[in-house]
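Novice: Input structure: data-v4.pdb, which contains PDB, C-alpha atoms, pLDDT in the B column.
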ATOM      1  CA  MET A   1     -65.807  71.458 -73.789  1.00 44.00           C
ATOM      2  CA  SER A   2     -67.915  68.353 -73.307  1.00 45.00           C
ATOM      3  CA  THR A   3     -71.456  68.528 -72.007  1.00 44.00           C
ATOM      4  CA  GLN A   4     -70.889  67.421 -68.398  1.00 45.00           C
ATOM      5  CA  GLN A   5     -71.956  70.884 -67.237  1.00 50.00           C
ATOM      6  CA  GLN A   6     -75.499  70.913 -68.641  1.00 68.00           C
ATOM      7  CA  SER A   7     -76.473  74.572 -68.533  1.00 83.00           C
ATOM      8  CA  ILE A   8     -76.929  77.382 -70.983  1.00 86.00           C
ATOM      9  CA  GLU A   9     -74.634  79.612 -68.927  1.00 89.00           C
ATOM     10  CA  ASN A  10     -71.754  77.114 -69.073  1.00 89.00           C
ATOM     11  CA  TRP A  11     -72.244  76.483 -72.801  1.00 91.00           C
ATOM     12  CA  ALA A  12     -72.363  80.228 -73.537  1.00 89.00           C
ATOM     13  CA  ALA A  13     -69.283  80.928 -71.384  1.00 90.00           C
ATOM     14  CA  ALA A  14     -67.271  78.235 -73.161  1.00 89.00           C
ATOM     15  CA  LEU A  15     -68.320  79.524 -76.588  1.00 90.00           C
ATOM     16  CA  ASN A  16     -67.523  83.125 -75.599  1.00 89.00           C
ATOM     17  CA  ASN A  17     -64.027  81.936 -74.606  1.00 91.00           C
ATOM     18  CA  GLY A  18     -63.600  80.602 -78.136  1.00 90.00           C
ATOM     19  CA  ASP A  19     -64.022  76.957 -77.108  1.00 91.00           C
ATOM     20  CA  ALA A  20     -66.182  74.507 -79.013  1.00 91.00           C
ATOM     21  CA  VAL A  21     -69.087  72.935 -77.134  1.00 92.00           C
ATOM     22  CA  SER A  22     -69.642  69.297 -78.071  1.00 90.00           C
ATOM     23  CA  PHE A  23     -72.690  67.133 -77.543  1.00 91.00           C
ATOM     24  CA  GLY A  24     -72.558  63.363 -77.789  1.00 85.00           C
ATOM     25  CA  PHE A  25     -75.340  60.828 -77.948  1.00 82.00           C
ATOM     26  CA  SER A  26     -77.099  59.757 -74.760  1.00 79.00           C
ATOM     27  CA  LYS A  27     -75.437  56.497 -73.671  1.00 81.00           C
ATOM     28  CA  GLY A  28     -78.516  55.406 -71.701  1.00 82.00           C
ATOM     29  CA  LYS A  29     -80.917  55.791 -74.623  1.00 82.00           C
ATOM     30  CA  THR A  30     -78.430  54.135 -76.955  1.00 77.00           C
ATOM     31  CA  VAL A  31     -78.065  51.103 -74.657  1.00 87.00           C
ATOM     32  CA  LEU A  32     -81.856  50.787 -74.361  1.00 88.00           C
ATOM     33  CA  LEU A  33     -82.248  50.900 -78.148  1.00 86.00           C
ATOM     34  CA  LEU A  34     -79.448  48.354 -78.502  1.00 89.00           C
ATOM     35  CA  ILE A  35     -81.171  45.961 -76.087  1.00 93.00           C
ATOM     36  CA  ALA A  36     -84.513  46.410 -77.859  1.00 92.00           C
ATOM     37  CA  SER A  37     -82.884  45.737 -81.240  1.00 92.00           C
ATOM     38  CA  VAL A  38     -81.225  42.551 -79.958  1.00 94.00           C
ATOM     39  CA  ILE A  39     -84.564  41.342 -78.589  1.00 94.00           C
ATOM     40  CA  PHE A  40     -86.255  41.969 -81.928  1.00 94.00           C
ATOM     41  CA  VAL A  41     -83.438  40.161 -83.758  1.00 94.00           C
ATOM     42  CA  LEU A  42     -84.022  37.136 -81.510  1.00 93.00           C
ATOM     43  CA  VAL A  43     -87.795  37.280 -82.052  1.00 93.00           C
ATOM     44  CA  GLY A  44     -87.195  37.577 -85.807  1.00 92.00           C
ATOM     45  CA  LEU A  45     -84.915  34.533 -85.719  1.00 92.00           C
ATOM     46  CA  ALA A  46     -87.575  32.527 -83.907  1.00 91.00           C
ATOM     47  CA  MET A  47     -90.150  33.590 -86.496  1.00 90.00           C
ATOM     48  CA  GLY A  48     -87.777  32.932 -89.388  1.00 87.00           C
ATOM     49  CA  LEU A  49     -86.866  29.433 -88.267  1.00 89.00           C
ATOM     50  CA  GLY A  50     -90.332  28.157 -87.539  1.00 81.00           C
ATOM     51  CA  GLY A  51     -93.886  28.393 -88.752  1.00 76.00           C
ATOM     52  CA  SER A  52     -95.301  29.185 -92.139  1.00 86.00           C
ATOM     53  CA  LEU A  53     -93.578  30.764 -95.107  1.00 89.00           C
ATOM     54  CA  ILE A  54     -95.183  34.165 -94.424  1.00 90.00           C
ATOM     55  CA  TRP A  55     -93.947  34.175 -90.785  1.00 89.00           C
ATOM     56  CA  ALA A  56     -90.504  33.081 -91.983  1.00 89.00           C
ATOM     57  CA  ILE A  57     -90.328  35.972 -94.452  1.00 91.00           C
ATOM     58  CA  VAL A  58     -91.516  38.476 -91.833  1.00 91.00           C
ATOM     59  CA  GLY A  59     -89.006  37.025 -89.358  1.00 91.00           C
ATOM     60  CA  TRP A  60     -86.032  37.321 -91.714  1.00 93.00           C
ATOM     61  CA  VAL A  61     -87.002  40.867 -92.682  1.00 94.00           C
ATOM     62  CA  ALA A  62     -87.118  41.709 -88.963  1.00 92.00           C
ATOM     63  CA  VAL A  63     -83.704  40.103 -88.443  1.00 93.00           C
ATOM     64  CA  VAL A  64     -82.115  42.156 -91.225  1.00 94.00           C
ATOM     65  CA  PHE A  65     -83.768  45.397 -90.142  1.00 94.00           C
ATOM     66  CA  PHE A  66     -83.024  45.079 -86.419  1.00 93.00           C
ATOM     67  CA  LEU A  67     -79.529  43.699 -86.997  1.00 93.00           C
ATOM     68  CA  TRP A  68     -78.865  46.920 -88.889  1.00 93.00           C
ATOM     69  CA  GLY A  69     -80.186  48.719 -85.771  1.00 89.00           C
ATOM     70  CA  VAL A  70     -77.737  46.769 -83.586  1.00 91.00           C
ATOM     71  CA  VAL A  71     -74.845  47.847 -85.805  1.00 91.00           C
ATOM     72  CA  VAL A  72     -75.957  51.494 -85.757  1.00 85.00           C
ATOM     73  CA  MET A  73     -76.365  51.517 -81.971  1.00 82.00           C
ATOM     74  CA  ILE A  74     -72.972  49.883 -81.388  1.00 89.00           C
ATOM     75  CA  ARG A  75     -71.332  52.437 -83.685  1.00 83.00           C
ATOM     76  CA  ARG A  76     -73.162  55.231 -81.858  1.00 77.00           C
ATOM     77  CA  LEU A  77     -72.120  53.849 -78.474  1.00 79.00           C
ATOM     78  CA  PHE A  78     -68.424  53.811 -79.336  1.00 83.00           C
ATOM     79  CA  ALA A  79     -68.282  56.833 -81.654  1.00 74.00           C
ATOM     80  CA  GLY A  80     -65.416  59.140 -80.798  1.00 74.00           C
ATOM     81  CA  ARG A  81     -66.817  62.020 -82.817  1.00 78.00           C
ATOM     82  CA  PRO A  82     -69.463  64.209 -81.171  1.00 86.00           C
ATOM     83  CA  ALA A  83     -72.915  64.254 -82.716  1.00 86.00           C
ATOM     84  CA  LEU A  84     -73.162  68.058 -82.542  1.00 91.00           C
ATOM     85  CA  THR A  85     -70.427  70.654 -82.037  1.00 93.00           C
ATOM     86  CA  VAL A  86     -71.126  74.349 -81.612  1.00 94.00           C
ATOM     87  CA  THR A  87     -68.252  76.711 -82.397  1.00 94.00           C
ATOM     88  CA  PRO A  88     -67.931  80.483 -82.640  1.00 94.00           C
ATOM     89  CA  ALA A  89     -68.007  80.033 -86.451  1.00 93.00           C
ATOM     90  CA  GLY A  90     -71.110  77.843 -86.642  1.00 94.00           C
ATOM     91  CA  VAL A  91     -72.510  74.376 -86.034  1.00 94.00           C
ATOM     92  CA  GLU A  92     -71.069  71.014 -87.039  1.00 92.00           C
ATOM     93  CA  MET A  93     -73.391  68.015 -87.036  1.00 89.00           C
ATOM     94  CA  LYS A  94     -72.687  64.391 -87.661  1.00 79.00           C
ATOM     95  CA  THR A  95     -75.625  64.488 -90.078  1.00 75.00           C
ATOM     96  CA  ALA A  96     -74.391  67.520 -92.066  1.00 74.00           C
ATOM     97  CA  LYS A  97     -72.305  66.139 -94.913  1.00 77.00           C
ATOM     98  CA  ALA A  98     -70.652  69.399 -95.960  1.00 75.00           C
ATOM     99  CA  GLY A  99     -69.131  70.122 -92.552  1.00 84.00           C
ATOM    100  CA  LEU A 100     -69.528  73.340 -90.623  1.00 92.00           C
ATOM    101  CA  ILE A 101     -72.759  75.277 -91.115  1.00 93.00           C
ATOM    102  CA  PRO A 102     -71.843  78.949 -90.652  1.00 94.00           C
ATOM    103  CA  TRP A 103     -74.089  81.003 -88.373  1.00 95.00           C
ATOM    104  CA  SER A 104     -74.793  83.333 -91.302  1.00 94.00           C
ATOM    105  CA  GLN A 105     -76.370  80.422 -93.227  1.00 95.00           C
ATOM    106  CA  ILE A 106     -78.793  79.515 -90.406  1.00 95.00           C
ATOM    107  CA  LEU A 107     -82.035  81.495 -90.566  1.00 94.00           C
ATOM    108  CA  ASP A 108     -83.797  80.067 -87.498  1.00 94.00           C
ATOM    109  CA  ILE A 109     -83.438  77.299 -84.921  1.00 94.00           C
ATOM    110  CA  HIS A 110     -86.486  75.885 -83.185  1.00 91.00           C
ATOM    111  CA  GLY A 111     -88.004  72.717 -81.803  1.00 89.00           C
ATOM    112  CA  ALA A 112     -90.296  70.753 -84.084  1.00 85.00           C
ATOM    113  CA  LYS A 113     -92.611  68.245 -82.424  1.00 83.00           C
ATOM    114  CA  GLN A 114     -93.539  65.087 -84.269  1.00 81.00           C
ATOM    115  CA  ASN A 115     -95.717  62.706 -82.272  1.00 82.00           C
ATOM    116  CA  SER A 116     -94.044  62.576 -78.847  1.00 78.00           C
ATOM    117  CA  ASN A 117     -90.564  63.398 -80.125  1.00 81.00           C
ATOM    118  CA  VAL A 118     -89.034  66.864 -80.381  1.00 82.00           C
ATOM    119  CA  PHE A 119     -86.423  67.550 -83.054  1.00 87.00           C
ATOM    120  CA  ILE A 120     -84.096  70.529 -83.204  1.00 92.00           C
ATOM    121  CA  GLU A 121     -84.699  72.028 -86.618  1.00 92.00           C
ATOM    122  CA  PHE A 122     -82.317  74.380 -88.428  1.00 93.00           C
ATOM    123  CA  ASP A 123     -83.854  76.567 -91.135  1.00 94.00           C
ATOM    124  CA  ILE A 124     -81.037  77.213 -93.592  1.00 95.00           C
ATOM    125  CA  THR A 125     -80.430  79.427 -96.604  1.00 94.00           C
ATOM    126  CA  ASP A 126     -80.844  78.124-100.133  1.00 93.00           C
ATOM    127  CA  ALA A 127     -77.066  78.407-100.614  1.00 93.00           C
ATOM    128  CA  GLU A 128     -76.400  76.181 -97.593  1.00 93.00           C
ATOM    129  CA  ALA A 129     -79.079  73.727 -98.702  1.00 92.00           C
ATOM    130  CA  ASP A 130     -77.375  73.505-102.106  1.00 92.00           C
ATOM    131  CA  ARG A 131     -73.972  72.990-100.454  1.00 91.00           C
ATOM    132  CA  GLN A 132     -75.307  70.213 -98.213  1.00 90.00           C
ATOM    133  CA  SER A 133     -77.166  68.597-101.128  1.00 88.00           C
ATOM    134  CA  ALA A 134     -74.021  68.651-103.276  1.00 88.00           C
ATOM    135  CA  ALA A 135     -72.216  66.802-100.481  1.00 86.00           C
ATOM    136  CA  GLY A 136     -74.861  64.059-100.525  1.00 83.00           C
ATOM    137  CA  LEU A 137     -77.281  65.100 -97.789  1.00 82.00           C
ATOM    138  CA  GLY A 138     -81.000  65.162 -98.442  1.00 82.00           C
ATOM    139  CA  VAL A 139     -82.218  68.560 -97.273  1.00 86.00           C
ATOM    140  CA  ALA A 140     -85.878  68.645 -96.255  1.00 87.00           C
ATOM    141  CA  GLN A 141     -88.274  71.246 -97.568  1.00 88.00           C
ATOM    142  CA  MET A 142     -90.984  72.220 -95.102  1.00 86.00           C
ATOM    143  CA  THR A 143     -94.042  74.381 -95.608  1.00 84.00           C
ATOM    144  CA  ASP A 144     -95.401  76.458 -92.740  1.00 80.00           C
ATOM    145  CA  ASP A 145     -99.051  77.269 -92.013  1.00 82.00           C
ATOM    146  CA  GLU A 146     -98.965  80.339 -94.282  1.00 87.00           C
ATOM    147  CA  GLY A 147     -97.653  78.293 -97.213  1.00 86.00           C
ATOM    148  CA  HIS A 148     -94.058  79.578 -97.059  1.00 86.00           C
ATOM    149  CA  SER A 149     -91.459  76.996 -98.021  1.00 89.00           C
ATOM    150  CA  ARG A 150     -88.161  76.663 -96.149  1.00 91.00           C
ATOM    151  CA  LYS A 151     -85.143  74.336 -96.272  1.00 93.00           C
ATOM    152  CA  VAL A 152     -84.333  72.535 -93.031  1.00 92.00           C
ATOM    153  CA  LEU A 153     -81.781  70.254 -91.422  1.00 91.00           C
ATOM    154  CA  TRP A 154     -82.334  68.387 -88.165  1.00 89.00           C
ATOM    155  CA  ALA A 155     -79.847  67.981 -85.361  1.00 88.00           C
ATOM    156  CA  PRO A 156     -79.039  64.348 -84.621  1.00 86.00           C
ATOM    157  CA  ASN A 157     -81.674  62.774 -82.407  1.00 83.00           C
ATOM    158  CA  GLY A 158     -80.757  61.300 -79.022  1.00 82.00           C
ATOM    159  CA  LEU A 159     -78.305  63.971 -77.873  1.00 86.00           C
ATOM    160  CA  ALA A 160     -77.192  63.875 -74.256  1.00 83.00           C
ATOM    161  CA  ALA A 161     -78.659  67.307 -73.512  1.00 86.00           C
ATOM    162  CA  ASN A 162     -81.969  68.866 -72.633  1.00 86.00           C
ATOM    163  CA  LYS A 163     -83.492  69.601 -76.059  1.00 87.00           C
ATOM    164  CA  ALA A 164     -85.483  72.639 -74.932  1.00 87.00           C
ATOM    165  CA  ALA A 165     -82.452  74.256 -73.283  1.00 90.00           C
ATOM    166  CA  LEU A 166     -80.161  73.370 -76.186  1.00 92.00           C
ATOM    167  CA  CYS A 167     -82.639  74.713 -78.737  1.00 91.00           C
ATOM    168  CA  LEU A 168     -83.059  77.984 -76.809  1.00 92.00           C
ATOM    169  CA  TRP A 169     -79.294  78.444 -76.457  1.00 94.00           C
ATOM    170  CA  LEU A 170     -78.617  77.643 -80.118  1.00 94.00           C
ATOM    171  CA  GLU A 171     -81.179  80.225 -81.247  1.00 94.00           C
ATOM    172  CA  GLU A 172     -79.703  82.840 -78.870  1.00 92.00           C
ATOM    173  CA  GLU A 173     -76.237  82.154 -80.283  1.00 93.00           C
ATOM    174  CA  ARG A 174     -77.536  82.288 -83.846  1.00 93.00           C
ATOM    175  CA  GLN A 175     -79.127  85.669 -83.258  1.00 92.00           C
ATOM    176  CA  ALA A 176     -75.954  87.008 -81.631  1.00 90.00           C
ATOM    177  CA  ARG A 177     -73.512  85.555 -84.183  1.00 87.00           C
ATOM    178  CA  ALA A 178     -75.368  85.584 -87.507  1.00 77.00           C
ATOM    179  CA  THR A 179     -74.601  89.246 -88.107  1.00 72.00           C
ATOM    180  CA  ALA A 180     -71.213  89.311 -86.373  1.00 58.00           C
TER
END
Can you give me the file's structure in the form of structure tokens?
Specialist:
Amino acid sequence: MSTQQQSIENWAAALNNGDAVSFGFSKGKTVLLLIASVIFVLVGLAMGLGGSLIWAIVGWVAVVFFLWGVVVMIRRLFAGRPALTVTPAGVEMKTAKAGLIPWSQILDIHGAKQNSNVFIEFDITDAEADRQSAAGLGVAQMTDDEGHSRKVLWAPNGLAANKAALCLWLEEERQARATA
């Protein structure tokens, strides 16, 4: 099931029928980031081709950095693979190198706010963190206010779904399926 029907009820019904629920990247946000990257590449070119040596260096660094952004946004725009797929067995993310993360390996799912951006954060077991690390993914280690350390993965940013609703639904599914 794709995410045209943006509601927790539709996502839950599809998952209860045994269907996977896939979430792609927001095309609108991706196009805006692509346009911004192209503009910065052009500004970097102008800086790199004129002015002092310092401005030229800054300009060429900007060109390389934002050209990389153009490539990433074009790949994201035409990617056939969903960024996040929720199945009855667990969660698959484009960012998770070791494939499916079983529900039993996810300890908590919540929103984490950083500046004005909200990330969907998956607290995972040490075993899952080791599996993801062995596959080449850097697993973050976070410390909460009480000083407890936990291993986390983040869902890809820029999903074409309401983050609050998606986060709530994912946590409900985790609670229902982690012990099943």
Novice: Pick out the residues sitting within 8 Å of range 57-62 of chain A, and hand them over as a list in words; count only C-alpha atoms, and ignore anything fewer than 6 positions along from it in its own chain.
Specialist: Phe40, Val41, Val43, Gly44, Leu45, Ala46, Met47, Gly48 and Leu49 of chain A
Novice: Could you turn the residues from that selection into a file that holds C-alpha atoms, as a short mmCIF file (atom, residue, chain, number, x, y, z; two decimals), keeping the file's coordinate frame?
Specialist:
data_model
loop_
_atom_site.label_atom_id
_atom_site.label_comp_id
_atom_site.auth_asym_id
_atom_site.auth_seq_id
_atom_site.Cartn_x
_atom_site.Cartn_y
_atom_site.Cartn_z
CA PHE A 40 -86.26 41.97 -81.93
CA VAL A 41 -83.44 40.16 -83.76
CA VAL A 43 -87.80 37.28 -82.05
CA GLY A 44 -87.20 37.58 -85.81
CA LEU A 45 -84.92 34.53 -85.72
CA ALA A 46 -87.58 32.53 -83.91
CA MET A 47 -90.15 33.59 -86.50
CA GLY A 48 -87.78 32.93 -89.39
CA LEU A 49 -86.87 29.43 -88.27
#
Novice: Taking a cut-off of 9 Å and counting only C-alpha atoms, can you build a table that, for each residue of range 28-147 of chain A near range 7-24 of chain A, reports the nearest atom pair and how far apart they are in Å (one decimal), sorted by chain then residue number, as JSON lines?
Specialist:
{"residue": "A:Ala79", "atom": "CA", "partner": "A:Gly24", "partner_atom": "CA", "distance": 8.7}
{"residue": "A:Gly80", "atom": "CA", "partner": "A:Gly24", "partner_atom": "CA", "distance": 8.8}
{"residue": "A:Arg81", "atom": "CA", "partner": "A:Gly24", "partner_atom": "CA", "distance": 7.7}
{"residue": "A:Pro82", "atom": "CA", "partner": "A:Gly24", "partner_atom": "CA", "distance": 4.7}
{"residue": "A:Ala83", "atom": "CA", "partner": "A:Gly24", "partner_atom": "CA", "distance": 5.0}
{"residue": "A:Leu84", "atom": "CA", "partner": "A:Phe23", "partner_atom": "CA", "distance": 5.1}
{"residue": "A:Thr85", "atom": "CA", "partner": "A:Ser22", "partner_atom": "CA", "distance": 4.3}
{"residue": "A:Val86", "atom": "CA", "partner": "A:Val21", "partner_atom": "CA", "distance": 5.1}
{"residue": "A:Thr87", "atom": "CA", "partner": "A:Ala20", "partner_atom": "CA", "distance": 4.5}
{"residue": "A:Pro88", "atom": "CA", "partner": "A:Leu15", "partner_atom": "CA", "distance": 6.1}
Novice: Using all atoms listed in the file, list the residues that have an atom at most 12 Å from (-81.4, 70.9, -72.0), coordinates as in the file, as an MDAnalysis selection string.
Specialist: chainID A and resid 3:11 23 111 120 158:170
Novice: Fewer than 6 positions away in the same chain doesn't count, so skip those; otherwise give me all residues within 7 Å of Met142 in chain A, counting only C-alpha atoms, as a ChimeraX atom specification.
Specialist: /A:149-152
Novice: In Å, rounded to a single decimal, give me how far CA of Ile124 in chain A is from CA of Ile106 in chain A.
Specialist: 4.5 Å
Novice: Would you compute the distance between CA of His148 in chain A and CA of Asp123 in chain A? Give it in Å to one decimal.
Specialist: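 Here the two named atoms are 12.2 Å from each other.
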Novice: Please determine, counting only C-alpha atoms, which residue among A:Trp154, A:Trp68, A:Trp103, A:Phe119 has the shortest atom-to-atom distance to Gly138 in chain A.
Specialist: A:Trp154
Novice: Which is closest to Leu137 in chain A among A:Asn115, A:Thr125, A:Ser37, A:Thr95, if we use all atoms listed in the file?
Specialist: A:Thr95
Novice: One decimal, in Å: what's the spacing between CA of Phe122 in chain A and CA of Ala176 in chain A?
Specialist: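 Computing the Euclidean distance for CA of Phe122 in chain A and CA of Ala176 in chain A yields 15.7 Å.
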Novice: Could you give me the centre and size, in Å to one decimal, of an axis-aligned box around all listed atoms of range 56-65 of chain A with 8 Å added on every side, as JSON?
Specialist:
{"center_x": -86.8, "center_y": 39.2, "center_z": -91.4, "size_x": 25.4, "size_y": 28.3, "size_z": 22.0}
Novice: Given the choices A:Leu107, A:Pro156, A:Ser116, A:Ala98, which gets closest to Ala134 in chain A if the distance is worked out from only C-alpha atoms?
Specialist: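 Of all the options, A:Ala98 lies closest to Ala134 in chain A.
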Novice: Between A:Ile35, A:Ala129, A:Val91, A:Ile54, which one has atoms that come closest to Phe66 in chain A, using only C-alpha atoms?
Specialist: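 Closest residue, counting only C-alpha atoms: A:Ile35.
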Novice: Check the smallest atom-to-atom distance from each of A:Asp126, A:Val64, A:Lys94, A:Ala112 to Leu42 in chain A using all atoms listed in the file, then report the winner.
Specialist: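 Looking at the shortest contact to Leu42 in chain A, the residue is A:Val64.
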Novice: When you count all atoms listed in the file, which of these residues is closest to Asp130 in chain A: A:Lys97, A:Val118, A:Lys29, A:Val63?
Specialist: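 Going through A:Lys97, A:Val118, A:Lys29, A:Val63 one by one, the smallest distance to Asp130 in chain A is for A:Lys97.
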Novice: Show me the residues around (-79.4, 53.1, -73.5) - criterion: an atom at most 12 Å away, all atoms listed in the file counted - as a ChimeraX atom specification.
Specialist: /A:25-37,73-74,76-77,158-160
Novice: May I have the residues within 8 Å of Leu100 in chain A as a PyMOL selection string, using only C-alpha atoms and disregarding those fewer than 6 positions away in the same chain?
Specialist: chain A and resi 90-93
Novice: Could you complete range 27-36 of chain A so that it carries all heavy atoms, and give it back as a PDB file, keeping the file's coordinate frame?
Specialist:
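Writing done, so here's result.pdb:
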ATOM      1  N   LYS A  27     -75.843  57.911 -73.804  1.00 81.00           N
ATOM      2  CA  LYS A  27     -75.437  56.497 -73.671  1.00 81.00           C
ATOM      3  C   LYS A  27     -76.598  55.641 -73.177  1.00 81.00           C
ATOM      4  O   LYS A  27     -76.793  54.521 -73.635  1.00 81.00           O
ATOM      5  CB  LYS A  27     -74.244  56.363 -72.722  1.00 81.00           C
ATOM      6  CG  LYS A  27     -73.007  57.107 -73.161  1.00 81.00           C
ATOM      7  CD  LYS A  27     -72.389  56.522 -74.398  1.00 81.00           C
ATOM      8  CE  LYS A  27     -71.082  57.221 -74.713  1.00 81.00           C
ATOM      9  NZ  LYS A  27     -70.672  57.100 -76.077  1.00 81.00           N
ATOM     10  N   GLY A  28     -77.388  56.170 -72.246  1.00 82.00           N
ATOM     11  CA  GLY A  28     -78.516  55.406 -71.701  1.00 82.00           C
ATOM     12  C   GLY A  28     -79.540  55.058 -72.762  1.00 82.00           C
ATOM     13  O   GLY A  28     -79.981  53.904 -72.874  1.00 82.00           O
ATOM     14  N   LYS A  29     -79.942  56.040 -73.557  1.00 82.00           N
ATOM     15  CA  LYS A  29     -80.917  55.791 -74.623  1.00 82.00           C
ATOM     16  C   LYS A  29     -80.349  54.839 -75.669  1.00 82.00           C
ATOM     17  O   LYS A  29     -81.052  53.984 -76.198  1.00 82.00           O
ATOM     18  CB  LYS A  29     -81.313  57.105 -75.302  1.00 82.00           C
ATOM     19  CG  LYS A  29     -82.154  58.010 -74.430  1.00 82.00           C
ATOM     20  CD  LYS A  29     -82.442  59.316 -75.154  1.00 82.00           C
ATOM     21  CE  LYS A  29     -83.166  60.286 -74.253  1.00 82.00           C
ATOM     22  NZ  LYS A  29     -83.371  61.585 -74.898  1.00 82.00           N
ATOM     23  N   THR A  30     -79.064  54.995 -75.966  1.00 77.00           N
ATOM     24  CA  THR A  30     -78.430  54.135 -76.955  1.00 77.00           C
ATOM     25  C   THR A  30     -78.408  52.688 -76.480  1.00 77.00           C
ATOM     26  O   THR A  30     -78.706  51.769 -77.255  1.00 77.00           O
ATOM     27  CB  THR A  30     -77.003  54.633 -77.265  1.00 77.00           C
ATOM     28  OG1 THR A  30     -77.078  55.983 -77.726  1.00 77.00           O
ATOM     29  CG2 THR A  30     -76.332  53.776 -78.313  1.00 77.00           C
ATOM     30  N   VAL A  31     -78.086  52.466 -75.204  1.00 87.00           N
ATOM     31  CA  VAL A  31     -78.065  51.103 -74.657  1.00 87.00           C
ATOM     32  C   VAL A  31     -79.472  50.504 -74.679  1.00 87.00           C
ATOM     33  O   VAL A  31     -79.650  49.332 -75.038  1.00 87.00           O
ATOM     34  CB  VAL A  31     -77.463  51.089 -73.232  1.00 87.00           C
ATOM     35  CG1 VAL A  31     -77.707  49.761 -72.531  1.00 87.00           C
ATOM     36  CG2 VAL A  31     -75.970  51.387 -73.285  1.00 87.00           C
ATOM     37  N   LEU A  32     -80.476  51.293 -74.322  1.00 88.00           N
ATOM     38  CA  LEU A  32     -81.856  50.787 -74.361  1.00 88.00           C
ATOM     39  C   LEU A  32     -82.273  50.405 -75.785  1.00 88.00           C
ATOM     40  O   LEU A  32     -82.888  49.354 -75.999  1.00 88.00           O
ATOM     41  CB  LEU A  32     -82.824  51.822 -73.789  1.00 88.00           C
ATOM     42  CG  LEU A  32     -82.789  51.998 -72.276  1.00 88.00           C
ATOM     43  CD1 LEU A  32     -83.707  53.149 -71.866  1.00 88.00           C
ATOM     44  CD2 LEU A  32     -83.190  50.724 -71.574  1.00 88.00           C
ATOM     45  N   LEU A  33     -81.930  51.223 -76.763  1.00 86.00           N
ATOM     46  CA  LEU A  33     -82.248  50.900 -78.148  1.00 86.00           C
ATOM     47  C   LEU A  33     -81.467  49.682 -78.637  1.00 86.00           C
ATOM     48  O   LEU A  33     -81.990  48.867 -79.405  1.00 86.00           O
ATOM     49  CB  LEU A  33     -81.965  52.100 -79.053  1.00 86.00           C
ATOM     50  CG  LEU A  33     -82.951  53.256 -78.934  1.00 86.00           C
ATOM     51  CD1 LEU A  33     -82.437  54.475 -79.691  1.00 86.00           C
ATOM     52  CD2 LEU A  33     -84.320  52.854 -79.444  1.00 86.00           C
ATOM     53  N   LEU A  34     -80.251  49.527 -78.157  1.00 89.00           N
ATOM     54  CA  LEU A  34     -79.448  48.354 -78.502  1.00 89.00           C
ATOM     55  C   LEU A  34     -80.088  47.083 -77.955  1.00 89.00           C
ATOM     56  O   LEU A  34     -80.233  46.082 -78.675  1.00 89.00           O
ATOM     57  CB  LEU A  34     -78.021  48.518 -77.973  1.00 89.00           C
ATOM     58  CG  LEU A  34     -77.055  47.367 -78.205  1.00 89.00           C
ATOM     59  CD1 LEU A  34     -76.861  47.112 -79.689  1.00 89.00           C
ATOM     60  CD2 LEU A  34     -75.727  47.659 -77.541  1.00 89.00           C
ATOM     61  N   ILE A  35     -80.514  47.121 -76.706  1.00 93.00           N
ATOM     62  CA  ILE A  35     -81.171  45.961 -76.087  1.00 93.00           C
ATOM     63  C   ILE A  35     -82.460  45.624 -76.824  1.00 93.00           C
ATOM     64  O   ILE A  35     -82.735  44.459 -77.128  1.00 93.00           O
ATOM     65  CB  ILE A  35     -81.423  46.228 -74.582  1.00 93.00           C
ATOM     66  CG1 ILE A  35     -80.096  46.250 -73.824  1.00 93.00           C
ATOM     67  CG2 ILE A  35     -82.366  45.182 -73.983  1.00 93.00           C
ATOM     68  CD1 ILE A  35     -80.199  46.766 -72.401  1.00 93.00           C
ATOM     69  N   ALA A  36     -83.257  46.649 -77.133  1.00 92.00           N
ATOM     70  CA  ALA A  36     -84.513  46.410 -77.859  1.00 92.00           C
ATOM     71  C   ALA A  36     -84.241  45.799 -79.230  1.00 92.00           C
ATOM     72  O   ALA A  36     -84.939  44.861 -79.653  1.00 92.00           O
ATOM     73  CB  ALA A  36     -85.292  47.717 -78.003  1.00 92.00           C
TER      74      ALA A  36
END
